[in-house]
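Printed here is protein.csv (CSV, C-alpha atoms):
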chain,number,residue,atom,x,y,z
A,1,MET,CA,-5.2,-19.3,5.7
A,2,ILE,CA,-2.8,-16.3,6.0
A,3,THR,CA,-2.3,-14.6,9.3
A,4,ARG,CA,-1.2,-11.0,9.8
A,5,ARG,CA,2.4,-10.6,10.9
A,6,LYS,CA,3.5,-8.5,13.8
A,7,VAL,CA,5.1,-5.3,12.3
A,8,THR,CA,7.9,-3.7,14.1
A,9,ILE,CA,8.3,0.1,14.0
A,10,ALA,CA,11.9,1.5,14.1
A,11,PRO,CA,12.7,4.7,16.0
A,12,GLU,CA,13.0,6.7,12.7
A,13,GLN,CA,9.6,5.5,11.7
A,14,LEU,CA,8.1,6.8,14.9
A,15,ARG,CA,9.3,10.3,14.0
A,16,TYR,CA,7.5,10.0,10.7
A,17,ILE,CA,4.3,8.7,12.4
A,18,LYS,CA,4.4,11.6,14.9
A,19,LEU,CA,4.7,14.1,12.0
A,20,PHE,CA,1.9,12.5,10.1
A,21,GLN,CA,-0.4,12.6,13.2
A,22,ASP,CA,0.5,16.2,13.9
A,23,MET,CA,0.0,17.4,10.3
A,24,LEU,CA,-2.9,15.3,9.2
A,25,GLY,CA,-4.7,14.5,12.4
A,26,VAL,CA,-4.8,10.7,11.7
A,27,SER,CA,-2.7,8.1,13.5
A,28,PRO,CA,-1.1,5.8,10.9
A,29,ARG,CA,-0.8,2.1,11.6
A,30,ASP,CA,2.5,1.9,9.9
A,31,VAL,CA,5.1,3.7,7.8
A,32,VAL,CA,7.6,2.2,5.4
A,33,GLU,CA,10.6,4.1,4.1
A,34,ASP,CA,11.1,3.0,0.5
A,35,LYS,CA,14.5,4.4,-0.3
A,36,GLU,CA,14.6,2.8,-3.7
A,37,GLU,CA,11.6,4.8,-4.8
A,38,ASN,CA,12.3,7.8,-2.6
A,39,ARG,CA,9.0,7.6,-0.7
A,40,LEU,CA,7.3,7.1,2.6
A,41,ILE,CA,4.3,4.9,2.5
A,42,PHE,CA,1.8,5.4,5.4
A,43,VAL,CA,-0.8,2.8,6.2
A,44,VAL,CA,-3.9,4.2,7.8
A,45,GLU,CA,-6.9,2.4,9.4
A,46,LYS,CA,-9.8,1.4,7.3
A,47,GLY,CA,-12.0,4.5,6.9
A,48,ASP,CA,-9.2,7.0,7.7
A,49,LEU,CA,-7.9,7.6,4.1
A,50,GLY,CA,-10.2,10.5,3.3
A,51,ARG,CA,-9.5,12.2,6.6
A,52,ALA,CA,-5.7,11.8,6.1
A,53,VAL,CA,-5.8,13.2,2.5
A,54,GLY,CA,-8.2,16.0,3.1
A,55,ARG,CA,-10.7,17.7,0.7
A,56,GLY,CA,-9.0,17.8,-2.7
A,57,GLY,CA,-5.9,16.3,-1.2
A,58,ARG,CA,-4.9,19.6,0.5
A,59,LYS,CA,-3.7,18.1,3.8
A,60,LEU,CA,-1.6,15.5,2.1
A,61,LYS,CA,-0.2,18.1,-0.4
A,62,ALA,CA,0.9,20.3,2.5
A,63,MET,CA,2.7,17.5,4.1
A,64,LYS,CA,4.3,16.5,0.8
A,65,ARG,CA,5.6,20.0,0.3
A,66,PHE,CA,7.0,20.0,3.9
A,67,LEU,CA,8.8,16.7,3.5
A,68,LYS,CA,10.1,17.5,0.0
A,69,GLY,CA,12.0,20.4,1.4
A,70,ASP,CA,13.1,18.5,4.5
A,71,LEU,CA,13.8,15.0,3.3
A,72,ASP,CA,13.1,15.0,-0.4
A,73,TYR,CA,10.6,12.1,0.0
A,74,ASP,CA,7.3,11.6,-1.7
A,75,ILE,CA,4.4,10.5,0.4
A,76,GLU,CA,1.8,7.8,-0.3
A,77,VAL,CA,-1.1,6.8,1.9
A,78,VAL,CA,-2.9,3.5,1.7
A,79,GLU,CA,-5.8,2.1,3.7
A,80,PHE,CA,-5.3,-1.1,5.7
A,81,ASP,CA,-7.6,-4.1,5.6
A,82,ASP,CA,-7.7,-7.1,7.9
A,83,SER,CA,-7.8,-9.5,5.0
A,84,PRO,CA,-4.8,-9.9,2.7
A,85,GLU,CA,-7.1,-9.8,-0.3
A,86,GLY,CA,-8.7,-6.5,0.8
A,87,PHE,CA,-5.3,-5.0,1.6
A,88,ILE,CA,-3.9,-5.9,-1.8
A,89,ALA,CA,-6.9,-4.4,-3.5
A,90,ASN,CA,-6.4,-1.2,-1.5
A,91,LEU,CA,-2.7,-1.1,-2.4
A,92,LEU,CA,-3.5,-1.4,-6.1
A,93,SER,CA,-6.1,1.4,-6.0
A,94,PRO,CA,-7.2,3.2,-8.1
A,95,ALA,CA,-7.1,0.1,-10.3
A,96,ARG,CA,-10.4,-1.7,-10.0
A,97,VAL,CA,-9.5,-5.1,-8.5
A,98,GLN,CA,-12.2,-7.7,-9.2
A,99,LYS,CA,-10.7,-10.5,-7.1
A,100,VAL,CA,-7.5,-11.5,-5.3
A,101,LYS,CA,-6.6,-15.1,-5.1
A,102,ILE,CA,-4.0,-16.4,-2.6
A,103,VAL,CA,-1.9,-19.3,-3.8
A,104,HIS,CA,0.3,-21.4,-1.6
A,105,GLN,CA,3.2,-22.9,-3.5
A,106,ASP,CA,6.5,-24.7,-2.7
A,107,ASP,CA,8.4,-21.4,-3.2
A,108,GLY,CA,6.1,-19.3,-1.1
A,109,ILE,CA,2.8,-17.5,-1.1
A,110,THR,CA,1.7,-15.6,-4.2
A,111,ALA,CA,-1.3,-13.3,-4.5
A,112,ILE,CA,-2.9,-12.9,-7.9
A,113,ALA,CA,-4.9,-9.7,-8.4
A,114,TYR,CA,-7.4,-9.8,-11.2
A,115,VAL,CA,-8.1,-6.4,-12.7
A,116,LEU,CA,-10.0,-5.2,-15.7
A,117,ASP,CA,-7.9,-5.2,-18.8
A,118,GLU,CA,-8.0,-1.4,-19.1
A,119,ASP,CA,-6.7,-1.1,-15.5
A,120,LYS,CA,-3.7,-3.4,-15.9
A,121,SER,CA,-1.2,-0.5,-16.4
A,122,LEU,CA,-2.9,1.4,-13.6
A,123,ALA,CA,-2.3,-1.5,-11.2
A,124,ILE,CA,1.4,-1.7,-12.2
A,125,GLY,CA,1.9,2.0,-12.0
A,126,ARG,CA,4.4,4.3,-13.6
A,127,ASN,CA,7.8,2.5,-13.7
A,128,GLY,CA,6.2,-0.3,-11.6
A,129,ARG,CA,5.8,1.9,-8.5
A,130,ARG,CA,2.4,0.7,-7.5
A,131,ILE,CA,3.1,-3.1,-7.9
A,132,LYS,CA,6.4,-2.6,-6.0
A,133,ARG,CA,4.5,-0.9,-3.2
A,134,THR,CA,2.0,-3.7,-3.1
A,135,LYS,CA,4.7,-6.4,-3.0
A,136,LEU,CA,6.6,-4.5,-0.2
A,137,LEU,CA,3.6,-4.1,2.0
A,138,ALA,CA,2.0,-7.5,1.3
A,139,LYS,CA,5.3,-9.1,2.4
A,140,ARG,CA,5.6,-6.9,5.5
A,141,TRP,CA,2.0,-7.4,6.7
A,142,TYR,CA,1.0,-10.9,5.5
A,143,ASP,CA,4.3,-12.6,4.5
A,144,ILE,CA,3.2,-12.9,0.9
A,145,ASP,CA,6.2,-13.5,-1.3
A,146,ASN,CA,4.9,-12.3,-4.7
A,147,VAL,CA,2.0,-10.3,-6.2
A,148,LYS,CA,1.0,-10.8,-9.8
A,149,ILE,CA,-1.4,-8.9,-11.9
A,150,ALA,CA,-3.8,-10.8,-14.2
A,151,THR,CA,-6.6,-9.7,-16.5
A,152,TRP,CA,-10.1,-10.3,-15.2
A,153,VAL,CA,-12.3,-12.3,-17.5
A,154,PRO,CA,-16.0,-11.8,-16.6
A,155,HIS,CA,-17.8,-15.0,-15.6
A,156,ASP,CA,-14.4,-16.6,-15.0
A,157,SER,CA,-14.4,-19.4,-12.4
A,158,ARG,CA,-10.9,-18.6,-11.1
Can you turn what I pasted into structure tokens?
Amino acid sequence: MITRRKVTIAPEQLRYIKLFQDMLGVSPRDVVEDKEENRLIFVVEKGDLGRAVGRGGRKLKAMKRFLKGDLDYDIEVVEFDDSPEGFIANLLSPARVQKVKIVHQDDGITAIAYVLDEDKSLAIGRNGRRIKRTKLLAKRWYDIDNVKIATWVPHDSR
């Protein structure tokens, strides 16, 4: 069984969280600054994603415009889940994750996300951005060392 890690928020992250709260009216659970991909990834509580994004994405688009001018960062918002399987499925959205299997190995913990064949490239994302985000946050929240994408085969016993 995997337990959730205690996540530490740095002072700079608190500034981003406050800005997110003020602009979007939602208190994020976490924010990760991904300098390699030039983005801030906000984690919101289950059920808060729609409120944070706004109708047609207008609230999030306004914040993106603001931060692009100020910090030149893109913003992504993902929904938290108390289970590592649910969190990984949320992180890979909009890919349709059919199942997530957690495997404990000698070299660490690996999560295997099974997606429909037509969603495999969607799960990986352009230039691997979505899978990188998933690996980053799965490690931060659940100490999962690797996330792999596999094709779902209906009626598979995996």
Listing only residues of region 22-68 of chain A within 12 Å of region 82-88 of chain A, what is the closest atom pair and its distance in Å (to one decimal) for each, using all atoms listed in the file, sorted by chain and residue number ascending, as JSON lines?
{"residue": "A:Val43", "atom": "CA", "partner": "A:Phe87", "partner_atom": "CA", "distance": 10.1}
{"residue": "A:Val44", "atom": "CA", "partner": "A:Phe87", "partner_atom": "CA", "distance": 11.2}
{"residue": "A:Glu45", "atom": "CA", "partner": "A:Asp82", "partner_atom": "CA", "distance": 9.7}
{"residue": "A:Lys46", "atom": "CA", "partner": "A:Asp82", "partner_atom": "CA", "distance": 8.8}
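Distances from A:Thr8, A:Ser27, A:Thr151, A:Asn146 to Val103 (chain A) were compared using all atoms listed in the file, and the smallest one belongs to A:Asn146.
Each of A:Ile9, A:Ile2, A:Val32, A:Val26 was checked against Thr110 (chain A) using all atoms listed in the file; the smallest atom-to-atom distance is that of A:Ile2.
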For Glu33 (chain A), the closest of A:Leu136, A:Lys148, A:Arg55, A:Asp119 counting all atoms listed in the file is A:Leu136
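Of the listed residues (A:Ala52, A:Leu137, A:Ile102, A:Val97), A:Val97 comes nearest to Val153 (chain A); the distances count all atoms listed in the file.
In terms of minimum interatomic distance to Val147 (chain A), A:Gly108 ranks closest within A:Gly47, A:Gly108, A:Gly56, A:Pro94, counting only C-alpha atoms.
Using only C-alpha atoms for every distance, the candidate list A:Ala111, A:Arg5, A:Arg39, A:Arg126 yields A:Arg39 as the residue closest to Asp72 (chain A).
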Skipping near chain neighbours, those fewer than 6 positions away, what residues fall within 12 Å of Asp34 (chain A) using all atoms listed in the file, listed as a list in words? Gln13, Leu40, Ile41, Phe42, Tyr73, Asp74, Ile75, Glu76, Arg129, Lys132, Arg133, Thr134, Lys135, Leu136 and Leu137 of chain A
CA of Pro28 (chain A) to CA of Asn127 (chain A), distance in Å rounded to a single decimal: 26.4 Å
Correct to one decimal, the distance CA of Leu60 (chain A)-CA of Phe20 (chain A) is 9.2 Å
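Going from CA of Ser121 (chain A) to CA of Lys99 (chain A) covers 16.6 Å.
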If you count only C-alpha atoms, which residues fall within 7 Å of Tyr114 (chain A), apart from same-chain ones fewer than 2 positions away, as a list in words? Val97, Gln98, Lys99, Val100, Ile112, Leu116, Ile149, Ala150, Thr151 and Trp152 of chain A
Written-out region 64-80 of chain A (all heavy atoms) as a PDB file, in the first residue's frame:
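That gives us decode-v3.pdb:
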ATOM      1  N   LYS A  64      -3.611  33.014 -16.962  1.00  0.00           N
ATOM      2  CA  LYS A  64      -2.508  32.687 -17.871  1.00  0.00           C
ATOM      3  C   LYS A  64      -1.975  33.950 -18.542  1.00  0.00           C
ATOM      4  O   LYS A  64      -0.761  34.144 -18.631  1.00  0.00           O
ATOM      5  CB  LYS A  64      -2.964  31.689 -18.939  1.00  0.00           C
ATOM      6  CG  LYS A  64      -3.070  30.274 -18.448  1.00  0.00           C
ATOM      7  CD  LYS A  64      -3.478  29.344 -19.586  1.00  0.00           C
ATOM      8  CE  LYS A  64      -3.542  27.908 -19.101  1.00  0.00           C
ATOM      9  NZ  LYS A  64      -3.795  26.958 -20.178  1.00  0.00           N
ATOM     10  N   ARG A  65      -2.877  34.817 -19.001  1.00  0.00           N
ATOM     11  CA  ARG A  65      -2.448  36.068 -19.634  1.00  0.00           C
ATOM     12  C   ARG A  65      -1.660  36.919 -18.645  1.00  0.00           C
ATOM     13  O   ARG A  65      -0.618  37.482 -18.978  1.00  0.00           O
ATOM     14  CB  ARG A  65      -3.648  36.845 -20.153  1.00  0.00           C
ATOM     15  CG  ARG A  65      -4.185  36.356 -21.478  1.00  0.00           C
ATOM     16  CD  ARG A  65      -5.183  37.333 -22.080  1.00  0.00           C
ATOM     17  NE  ARG A  65      -6.315  37.623 -21.214  1.00  0.00           N
ATOM     18  CZ  ARG A  65      -7.439  36.899 -21.142  1.00  0.00           C
ATOM     19  NH1 ARG A  65      -7.573  35.840 -21.910  1.00  0.00           N
ATOM     20  NH2 ARG A  65      -8.405  37.235 -20.320  1.00  0.00           N
ATOM     21  N   PHE A  66      -2.142  36.988 -17.412  1.00  0.00           N
ATOM     22  CA  PHE A  66      -1.467  37.772 -16.383  1.00  0.00           C
ATOM     23  C   PHE A  66      -0.062  37.241 -16.114  1.00  0.00           C
ATOM     24  O   PHE A  66       0.907  37.995 -16.090  1.00  0.00           O
ATOM     25  CB  PHE A  66      -2.295  37.764 -15.095  1.00  0.00           C
ATOM     26  CG  PHE A  66      -1.660  38.510 -13.961  1.00  0.00           C
ATOM     27  CD1 PHE A  66      -1.727  39.896 -13.904  1.00  0.00           C
ATOM     28  CD2 PHE A  66      -0.993  37.833 -12.958  1.00  0.00           C
ATOM     29  CE1 PHE A  66      -1.131  40.584 -12.865  1.00  0.00           C
ATOM     30  CE2 PHE A  66      -0.401  38.518 -11.911  1.00  0.00           C
ATOM     31  CZ  PHE A  66      -0.470  39.898 -11.869  1.00  0.00           C
ATOM     32  N   LEU A  67       0.052  35.930 -15.926  1.00  0.00           N
ATOM     33  CA  LEU A  67       1.356  35.348 -15.613  1.00  0.00           C
ATOM     34  C   LEU A  67       2.300  35.315 -16.806  1.00  0.00           C
ATOM     35  O   LEU A  67       3.513  35.385 -16.633  1.00  0.00           O
ATOM     36  CB  LEU A  67       1.197  33.945 -15.027  1.00  0.00           C
ATOM     37  CG  LEU A  67       0.796  33.899 -13.567  1.00  0.00           C
ATOM     38  CD1 LEU A  67       0.656  32.472 -13.084  1.00  0.00           C
ATOM     39  CD2 LEU A  67       1.789  34.628 -12.689  1.00  0.00           C
ATOM     40  N   LYS A  68       1.771  35.201 -18.006  1.00  0.00           N
ATOM     41  CA  LYS A  68       2.626  35.235 -19.200  1.00  0.00           C
ATOM     42  C   LYS A  68       3.358  36.566 -19.258  1.00  0.00           C
ATOM     43  O   LYS A  68       4.532  36.629 -19.576  1.00  0.00           O
ATOM     44  CB  LYS A  68       1.808  35.030 -20.480  1.00  0.00           C
ATOM     45  CG  LYS A  68       1.662  33.610 -20.920  1.00  0.00           C
ATOM     46  CD  LYS A  68       2.973  33.057 -21.415  1.00  0.00           C
ATOM     47  CE  LYS A  68       2.777  31.687 -21.998  1.00  0.00           C
ATOM     48  NZ  LYS A  68       4.003  30.982 -22.214  1.00  0.00           N
ATOM     49  N   GLY A  69       2.653  37.654 -18.946  1.00  0.00           N
ATOM     50  CA  GLY A  69       3.278  38.965 -18.964  1.00  0.00           C
ATOM     51  C   GLY A  69       4.247  39.166 -17.822  1.00  0.00           C
ATOM     52  O   GLY A  69       5.279  39.803 -17.974  1.00  0.00           O
ATOM     53  N   ASP A  70       3.928  38.600 -16.663  1.00  0.00           N
ATOM     54  CA  ASP A  70       4.735  38.799 -15.460  1.00  0.00           C
ATOM     55  C   ASP A  70       5.901  37.813 -15.365  1.00  0.00           C
ATOM     56  O   ASP A  70       7.032  38.204 -15.124  1.00  0.00           O
ATOM     57  CB  ASP A  70       3.822  38.669 -14.226  1.00  0.00           C
ATOM     58  CG  ASP A  70       4.525  39.040 -12.937  1.00  0.00           C
ATOM     59  OD1 ASP A  70       5.337  39.975 -12.949  1.00  0.00           O
ATOM     60  OD2 ASP A  70       4.261  38.370 -11.924  1.00  0.00           O
ATOM     61  N   LEU A  71       5.618  36.535 -15.541  1.00  0.00           N
ATOM     62  CA  LEU A  71       6.627  35.500 -15.312  1.00  0.00           C
ATOM     63  C   LEU A  71       6.962  34.656 -16.540  1.00  0.00           C
ATOM     64  O   LEU A  71       7.872  33.855 -16.495  1.00  0.00           O
ATOM     65  CB  LEU A  71       6.143  34.538 -14.216  1.00  0.00           C
ATOM     66  CG  LEU A  71       5.892  35.129 -12.848  1.00  0.00           C
ATOM     67  CD1 LEU A  71       5.210  34.111 -11.956  1.00  0.00           C
ATOM     68  CD2 LEU A  71       7.203  35.566 -12.232  1.00  0.00           C
ATOM     69  N   ASP A  72       6.194  34.800 -17.591  1.00  0.00           N
ATOM     70  CA  ASP A  72       6.339  33.978 -18.787  1.00  0.00           C
ATOM     71  C   ASP A  72       6.176  32.484 -18.480  1.00  0.00           C
ATOM     72  O   ASP A  72       6.885  31.643 -18.996  1.00  0.00           O
ATOM     73  CB  ASP A  72       7.686  34.235 -19.476  1.00  0.00           C
ATOM     74  CG  ASP A  72       7.683  33.701 -20.901  1.00  0.00           C
ATOM     75  OD1 ASP A  72       6.607  33.695 -21.532  1.00  0.00           O
ATOM     76  OD2 ASP A  72       8.743  33.268 -21.377  1.00  0.00           O
ATOM     77  N   TYR A  73       5.228  32.170 -17.580  1.00  0.00           N
ATOM     78  CA  TYR A  73       4.903  30.785 -17.248  1.00  0.00           C
ATOM     79  C   TYR A  73       3.549  30.401 -17.825  1.00  0.00           C
ATOM     80  O   TYR A  73       2.628  31.225 -17.848  1.00  0.00           O
ATOM     81  CB  TYR A  73       4.799  30.588 -15.723  1.00  0.00           C
ATOM     82  CG  TYR A  73       6.089  30.247 -15.034  1.00  0.00           C
ATOM     83  CD1 TYR A  73       6.395  30.806 -13.802  1.00  0.00           C
ATOM     84  CD2 TYR A  73       6.984  29.342 -15.577  1.00  0.00           C
ATOM     85  CE1 TYR A  73       7.561  30.482 -13.136  1.00  0.00           C
ATOM     86  CE2 TYR A  73       8.156  29.023 -14.919  1.00  0.00           C
ATOM     87  CZ  TYR A  73       8.441  29.602 -13.712  1.00  0.00           C
ATOM     88  OH  TYR A  73       9.595  29.274 -13.066  1.00  0.00           O
ATOM     89  N   ASP A  74       3.429  29.159 -18.228  1.00  0.00           N
ATOM     90  CA  ASP A  74       2.135  28.594 -18.560  1.00  0.00           C
ATOM     91  C   ASP A  74       1.554  28.057 -17.257  1.00  0.00           C
ATOM     92  O   ASP A  74       2.288  27.830 -16.290  1.00  0.00           O
ATOM     93  CB  ASP A  74       2.301  27.472 -19.585  1.00  0.00           C
ATOM     94  CG  ASP A  74       0.985  27.051 -20.195  1.00  0.00           C
ATOM     95  OD1 ASP A  74      -0.017  27.767 -20.033  1.00  0.00           O
ATOM     96  OD2 ASP A  74       0.958  25.988 -20.831  1.00  0.00           O
ATOM     97  N   ILE A  75       0.247  27.859 -17.215  1.00  0.00           N
ATOM     98  CA  ILE A  75      -0.398  27.337 -16.011  1.00  0.00           C
ATOM     99  C   ILE A  75      -1.200  26.102 -16.370  1.00  0.00           C
ATOM    100  O   ILE A  75      -1.904  26.082 -17.376  1.00  0.00           O
ATOM    101  CB  ILE A  75      -1.367  28.369 -15.398  1.00  0.00           C
ATOM    102  CG1 ILE A  75      -0.613  29.611 -14.985  1.00  0.00           C
ATOM    103  CG2 ILE A  75      -2.101  27.784 -14.201  1.00  0.00           C
ATOM    104  CD1 ILE A  75      -1.526  30.721 -14.543  1.00  0.00           C
ATOM    105  N   GLU A  76      -1.079  25.094 -15.528  1.00  0.00           N
ATOM    106  CA  GLU A  76      -1.902  23.896 -15.649  1.00  0.00           C
ATOM    107  C   GLU A  76      -2.548  23.646 -14.295  1.00  0.00           C
ATOM    108  O   GLU A  76      -1.947  23.915 -13.258  1.00  0.00           O
ATOM    109  CB  GLU A  76      -1.047  22.696 -16.064  1.00  0.00           C
ATOM    110  CG  GLU A  76      -0.430  22.874 -17.437  1.00  0.00           C
ATOM    111  CD  GLU A  76       0.464  21.727 -17.852  1.00  0.00           C
ATOM    112  OE1 GLU A  76       0.436  20.659 -17.207  1.00  0.00           O
ATOM    113  OE2 GLU A  76       1.202  21.907 -18.825  1.00  0.00           O
ATOM    114  N   VAL A  77      -3.772  23.140 -14.331  1.00  0.00           N
ATOM    115  CA  VAL A  77      -4.504  22.837 -13.103  1.00  0.00           C
ATOM    116  C   VAL A  77      -4.950  21.395 -13.176  1.00  0.00           C
ATOM    117  O   VAL A  77      -5.513  20.960 -14.181  1.00  0.00           O
ATOM    118  CB  VAL A  77      -5.734  23.756 -12.925  1.00  0.00           C
ATOM    119  CG1 VAL A  77      -6.450  23.447 -11.619  1.00  0.00           C
ATOM    120  CG2 VAL A  77      -5.324  25.218 -12.978  1.00  0.00           C
ATOM    121  N   VAL A  78      -4.667  20.643 -12.118  1.00  0.00           N
ATOM    122  CA  VAL A  78      -5.077  19.239 -12.040  1.00  0.00           C
ATOM    123  C   VAL A  78      -5.824  19.006 -10.736  1.00  0.00           C
ATOM    124  O   VAL A  78      -5.649  19.747  -9.767  1.00  0.00           O
ATOM    125  CB  VAL A  78      -3.875  18.262 -12.141  1.00  0.00           C
ATOM    126  CG1 VAL A  78      -3.203  18.371 -13.493  1.00  0.00           C
ATOM    127  CG2 VAL A  78      -2.870  18.513 -11.036  1.00  0.00           C
ATOM    128  N   GLU A  79      -6.658  17.990 -10.747  1.00  0.00           N
ATOM    129  CA  GLU A  79      -7.479  17.680  -9.584  1.00  0.00           C
ATOM    130  C   GLU A  79      -6.829  16.578  -8.755  1.00  0.00           C
ATOM    131  O   GLU A  79      -6.397  15.560  -9.290  1.00  0.00           O
ATOM    132  CB  GLU A  79      -8.860  17.240 -10.072  1.00  0.00           C
ATOM    133  CG  GLU A  79      -9.903  17.231  -9.001  1.00  0.00           C
ATOM    134  CD  GLU A  79     -11.283  17.025  -9.593  1.00  0.00           C
ATOM    135  OE1 GLU A  79     -11.555  15.928 -10.093  1.00  0.00           O
ATOM    136  OE2 GLU A  79     -12.083  17.968  -9.543  1.00  0.00           O
ATOM    137  N   PHE A  80      -6.777  16.803  -7.453  1.00  0.00           N
ATOM    138  CA  PHE A  80      -6.195  15.828  -6.541  1.00  0.00           C
ATOM    139  C   PHE A  80      -7.130  14.637  -6.349  1.00  0.00           C
ATOM    140  O   PHE A  80      -8.333  14.718  -6.588  1.00  0.00           O
ATOM    141  CB  PHE A  80      -5.913  16.480  -5.179  1.00  0.00           C
ATOM    142  CG  PHE A  80      -5.170  15.592  -4.241  1.00  0.00           C
ATOM    143  CD1 PHE A  80      -3.836  15.302  -4.453  1.00  0.00           C
ATOM    144  CD2 PHE A  80      -5.809  15.010  -3.156  1.00  0.00           C
ATOM    145  CE1 PHE A  80      -3.142  14.460  -3.607  1.00  0.00           C
ATOM    146  CE2 PHE A  80      -5.123  14.177  -2.297  1.00  0.00           C
ATOM    147  CZ  PHE A  80      -3.789  13.901  -2.523  1.00  0.00           C
TER     148      PHE A  80
END
